[in-house]
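> After the structure tokens below, expect a handful of questions from me.
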Amino acid sequence: MEDRSSEKQPDSLSVPWPDIVKFVRQLSHDLRNHLNAADLTAAYINEVAADPELKSEIKRLRETLSAAARALQNLSAAMGQARLAPMSYGASEFMEDLQKKIAIDFPEQSGEIRWAIEPGDAKLNIDPQQLQLAMLELFSNAFRHNRGKGPLIASGKIDNQRFVFTVREPKTRFELPTESWGREPMHRTSPGHYGLGLHRARAMIEAHGGELRAHYEPGESVLVTTITLPLSGQVG
């Protein structure tokens with residue numbers, strides 16, 4: 001019998017990212033069709049059912065089906081290309097909106113952020129809703145992953161005709177490389193999270209002509225994430 005153990009093994013399969021996005025979108029579409037069909041069946045059963053306990057169970061079933069459909073839709077959106085509707089927007093106003101949104105989305109953790117914003121009357125050319133989602137991802141990650149003791153420090157200022165926003169988050173431990181921060185989708189996954197949020201945030205920031213960088217300061221045990229955005233009229 002021929003021994004092939006010494007033969008060179010083929011390289012790992014590499015699939016272009018656009019093909020992965022296309023596949024996930026089609027799979028999501030197909031699965032949501034099945035979920036919608038199941039929801040219609042559940043709605044019919046609810047109409048003909050007389051038992052209150054059965055109706056309650058059907059309600060929970062429909063809520064579960066709806067949650068699964070939303071998760072698939074959000075997954076497709078997270079992998080899609082950023083589409084912006086930019087407008088001139090004050091940096092101060094945008095920061096105020098962000099603080100209010102964080103207070104709503106993270107009511108228990110928002111008080112642990114120390115804000116130091118000095119944007120003045122500078123204007124940004126942004127899609128405020130989409131850019132806000134990108135920045136919310138940074139705070140979501142900070143609250144979820146290996147949070148250390150002490151407050152998060154969020155600062156913003158104008159520097160060399162750019163708006164620079166920095167988040168300093170204490171880390172109990174940090175061993176990840178930051179050279180490709182946000183450029184490795186699906187690298188780390190957990191229940192309900194698929195390693196796409198930071199990748200999507202970077203794509204959104206870069207679509208605004210901005211940059212996303214991160215580095216770890218071991219002496220202070222702090223991860224520093226910096227977003228740099230051009231001021232209105234400074235794109236390019």
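All residue names refer to the structure tokens as shown: chains lettered A, B, ... in order, residues numbered from 1 in each chain, ligands numbered from 1 in order.
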Would you pick out the contacts of Gly148 of chain A at 9 Å or less, using only C-alpha atoms, so that residues sharing its chain but fewer than 4 positions from it are not included, and give the list as number ranges by chain?

A: 169-173, 221-222

> Each residue of segment 107-156 of chain A lying at most 10 Å from segment 225-230 of chain A should get a row with its shortest atom-to-atom pair and the distance in Å to one decimal, counting only C-alpha atoms; could you produce that, ordered by chain and increasing number, as a tab-separated table?


residue	atom	partner	partner_atom	distance
A:Lys123	CA	A:Pro230	CA	9.2
A:Leu124	CA	A:Pro230	CA	7.0
A:Asn125	CA	A:Pro230	CA	7.9
A:Ile126	CA	A:Leu229	CA	9.3
A:Met135	CA	A:Ile227	CA	8.8
A:Leu138	CA	A:Thr225	CA	8.2
A:Ala154	CA	A:Thr225	CA	9.7
A:Ser155	CA	A:Thr226	CA	9.5
A:Gly156	CA	A:Ile227	CA	9.3

> Give me a file of those residues, with N, CA, C and O atoms, as a JSON list (two decimals), in the first residue's frame.


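Result went into out-v2.json, see below:
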[["chain", "number", "residue", "atom", "x", "y", "z"],
["A", 123, "LYS", "N", -17.68, 70.93, 12.46],
["A", 123, "LYS", "CA", -18.70, 70.19, 11.73],
["A", 123, "LYS", "C", -18.10, 68.92, 11.12],
["A", 123, "LYS", "O", -16.97, 68.91, 10.67],
["A", 124, "LEU", "N", -18.90, 67.88, 11.12],
["A", 124, "LEU", "CA", -18.52, 66.62, 10.49],
["A", 124, "LEU", "C", -19.48, 66.34, 9.33],
["A", 124, "LEU", "O", -20.65, 66.72, 9.39],
["A", 125, "ASN", "N", -18.99, 65.67, 8.31],
["A", 125, "ASN", "CA", -19.85, 65.25, 7.21],
["A", 125, "ASN", "C", -20.11, 63.75, 7.39],
["A", 125, "ASN", "O", -19.31, 62.91, 6.95],
["A", 126, "ILE", "N", -21.21, 63.41, 8.04],
["A", 126, "ILE", "CA", -21.44, 62.03, 8.48],
["A", 126, "ILE", "C", -22.89, 61.60, 8.28],
["A", 126, "ILE", "O", -23.79, 62.43, 8.09],
["A", 135, "MET", "N", -19.80, 53.49, 16.80],
["A", 135, "MET", "CA", -19.22, 53.85, 18.10],
["A", 135, "MET", "C", -19.85, 53.08, 19.24],
["A", 135, "MET", "O", -19.18, 52.72, 20.21],
["A", 138, "LEU", "N", -18.05, 49.88, 19.98],
["A", 138, "LEU", "CA", -16.85, 49.97, 20.82],
["A", 138, "LEU", "C", -17.20, 49.87, 22.30],
["A", 138, "LEU", "O", -16.52, 49.18, 23.07],
["A", 154, "ALA", "N", -13.72, 58.45, 27.80],
["A", 154, "ALA", "CA", -14.05, 58.78, 26.42],
["A", 154, "ALA", "C", -13.74, 60.25, 26.19],
["A", 154, "ALA", "O", -14.31, 61.13, 26.84],
["A", 155, "SER", "N", -12.82, 60.52, 25.28],
["A", 155, "SER", "CA", -12.41, 61.90, 25.03],
["A", 155, "SER", "C", -12.50, 62.22, 23.55],
["A", 155, "SER", "O", -12.37, 61.35, 22.69],
["A", 156, "GLY", "N", -12.75, 63.48, 23.26],
["A", 156, "GLY", "CA", -12.84, 63.93, 21.88],
["A", 156, "GLY", "C", -12.29, 65.33, 21.74],
["A", 156, "GLY", "O", -12.52, 66.18, 22.61]]

> At a cut-off of 7 Å, can you tabulate as CSV every residue of segment 23-139 of chain A near segment 201-208 of chain A together with its closest atom pair and the distance in Å to one decimal, using only C-alpha atoms and ordering rows by chain then number?


residue,atom,partner,partner_atom,distance
A:Ala82,CA,A:Met204,CA,5.8
A:Ile126,CA,A:His208,CA,6.4
A:Leu131,CA,A:Met204,CA,6.6
A:Ala134,CA,A:Ala201,CA,4.2
A:Glu137,CA,A:Ala201,CA,6.8

> Need the shell around segment 52-63 of chain A: protein/DNA/RNA residues with any atom at most 10 Å away, counting only C-alpha atoms. Skip same-chain ones fewer than 6 positions apart. Format as a list in words?

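Close residues of segment 52-63 of chain A: Leu35, Asn36, Ala38, Asp39, Leu40, Thr41, Ala42, Ala43, Ile45, Asn46 and Ala69 of chain A.
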
> Output N, CA and C atoms for every residue in that selection, as an mmCIF file, in the first residue's frame.


data_model
loop_
_atom_site.group_PDB
_atom_site.id
_atom_site.type_symbol
_atom_site.label_atom_id
_atom_site.label_comp_id
_atom_site.auth_asym_id
_atom_site.auth_seq_id
_atom_site.Cartn_x
_atom_site.Cartn_y
_atom_site.Cartn_z
ATOM 1 N N LEU A 35 -39.059 30.535 8.512
ATOM 2 C CA LEU A 35 -39.535 31.065 9.797
ATOM 3 C C LEU A 35 -40.857 31.811 9.624
ATOM 4 N N ASN A 36 -40.974 32.560 8.532
ATOM 5 C CA ASN A 36 -42.230 33.275 8.269
ATOM 6 C C ASN A 36 -43.379 32.299 8.038
ATOM 7 N N ALA A 38 -43.570 29.285 9.290
ATOM 8 C CA ALA A 38 -43.901 28.709 10.593
ATOM 9 C C ALA A 38 -44.710 29.685 11.434
ATOM 10 N N ASP A 39 -44.402 30.971 11.329
ATOM 11 C CA ASP A 39 -45.139 31.980 12.088
ATOM 12 C C ASP A 39 -46.583 32.073 11.603
ATOM 13 N N LEU A 40 -46.776 31.967 10.299
ATOM 14 C CA LEU A 40 -48.146 31.985 9.760
ATOM 15 C C LEU A 40 -48.950 30.786 10.262
ATOM 16 N N THR A 41 -48.304 29.633 10.326
ATOM 17 C CA THR A 41 -48.980 28.438 10.844
ATOM 18 C C THR A 41 -49.335 28.629 12.317
ATOM 19 N N ALA A 42 -48.397 29.185 13.076
ATOM 20 C CA ALA A 42 -48.652 29.433 14.494
ATOM 21 C C ALA A 42 -49.792 30.428 14.678
ATOM 22 N N ALA A 43 -49.853 31.441 13.801
ATOM 23 C CA ALA A 43 -50.936 32.421 13.890
ATOM 24 C C ALA A 43 -52.287 31.767 13.625
ATOM 25 N N ILE A 45 -53.032 28.532 14.130
ATOM 26 C CA ILE A 45 -53.347 27.686 15.281
ATOM 27 C C ILE A 45 -53.876 28.529 16.427
ATOM 28 N N ASN A 46 -53.305 29.712 16.603
ATOM 29 C CA ASN A 46 -53.754 30.609 17.669
ATOM 30 C C ASN A 46 -55.206 31.043 17.461
ATOM 31 N N ALA A 69 -35.720 35.380 13.246
ATOM 32 C CA ALA A 69 -35.744 36.094 11.965
ATOM 33 C C ALA A 69 -34.967 37.407 12.056
#

> What does the structure give for the distance between atom CA of Ile104 of chain A and atom CA of Arg162 of chain A, in Å to one decimal?

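About the pair atom CA of Ile104 of chain A and atom CA of Arg162 of chain A: they are 28.2 Å apart.
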
> So that I can see what lies close to Asp121 of chain A, please list as a list in words the residues with an atom at most 12 Å from it, counting only C-alpha atoms and leaving out residues fewer than 4 positions away in the same chain.

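These residues fall inside the cut-off: Ser88, Tyr89, Gly90, Ala91, Ser92, Glu93, Phe94, Met95, Ile117, Lys157, Ile158, Phe163, Leu231 and Ser232 of chain A.
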
> Let's have the selection written as an mmCIF file, in the first residue's frame, with N, CA and C atoms.


data_model
loop_
_atom_site.group_PDB
_atom_site.id
_atom_site.type_symbol
_atom_site.label_atom_id
_atom_site.label_comp_id
_atom_site.auth_asym_id
_atom_site.auth_seq_id
_atom_site.Cartn_x
_atom_site.Cartn_y
_atom_site.Cartn_z
ATOM 1 N N SER A 88 -24.045 67.434 6.989
ATOM 2 C CA SER A 88 -23.211 68.233 7.882
ATOM 3 C C SER A 88 -23.812 68.179 9.280
ATOM 4 N N TYR A 89 -22.982 67.809 10.259
ATOM 5 C CA TYR A 89 -23.485 67.584 11.609
ATOM 6 C C TYR A 89 -22.438 68.067 12.599
ATOM 7 N N GLY A 90 -22.868 68.818 13.576
ATOM 8 C CA GLY A 90 -21.943 69.340 14.569
ATOM 9 C C GLY A 90 -21.326 68.224 15.403
ATOM 10 N N ALA A 91 -20.020 68.290 15.617
ATOM 11 C CA ALA A 91 -19.352 67.280 16.432
ATOM 12 C C ALA A 91 -19.899 67.270 17.859
ATOM 13 N N SER A 92 -20.159 68.455 18.418
ATOM 14 C CA SER A 92 -20.713 68.535 19.769
ATOM 15 C C SER A 92 -22.076 67.855 19.845
ATOM 16 N N GLU A 93 -22.925 68.141 18.843
ATOM 17 C CA GLU A 93 -24.258 67.545 18.819
ATOM 18 C C GLU A 93 -24.176 66.027 18.687
ATOM 19 N N PHE A 94 -23.240 65.563 17.853
ATOM 20 C CA PHE A 94 -23.099 64.124 17.667
ATOM 21 C C PHE A 94 -22.660 63.453 18.964
ATOM 22 N N MET A 95 -21.745 64.065 19.690
ATOM 23 C CA MET A 95 -21.296 63.511 20.956
ATOM 24 C C MET A 95 -22.409 63.511 21.995
ATOM 25 N N ILE A 117 -15.095 65.731 26.326
ATOM 26 C CA ILE A 117 -15.314 66.096 24.925
ATOM 27 C C ILE A 117 -15.068 67.586 24.729
ATOM 28 N N LYS A 157 -11.564 65.564 20.653
ATOM 29 C CA LYS A 157 -10.971 66.879 20.432
ATOM 30 C C LYS A 157 -10.664 67.064 18.949
ATOM 31 N N ILE A 158 -10.404 68.320 18.569
ATOM 32 C CA ILE A 158 -9.974 68.634 17.213
ATOM 33 C C ILE A 158 -8.453 68.678 17.202
ATOM 34 N N PHE A 163 -11.240 65.275 13.741
ATOM 35 C CA PHE A 163 -11.872 65.025 15.028
ATOM 36 C C PHE A 163 -11.371 63.684 15.534
ATOM 37 N N LEU A 231 -12.921 66.611 9.332
ATOM 38 C CA LEU A 231 -13.948 67.619 9.509
ATOM 39 C C LEU A 231 -14.676 67.858 8.188
ATOM 40 N N SER A 232 -15.826 68.448 8.258
ATOM 41 C CA SER A 232 -16.581 68.740 7.044
ATOM 42 C C SER A 232 -15.751 69.584 6.102
#

> Could you check the closest approach to Trp181 of chain A for each of A:Phe106, A:Trp115, A:Tyr216, A:Tyr44 and tell me which residue wins, using only C-alpha atoms?

A:Tyr216

> Just how far from atom CA of Thr64 of chain A is atom CA of Gln130 of chain A, in Å to one decimal?

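The value is 27.3 Å.
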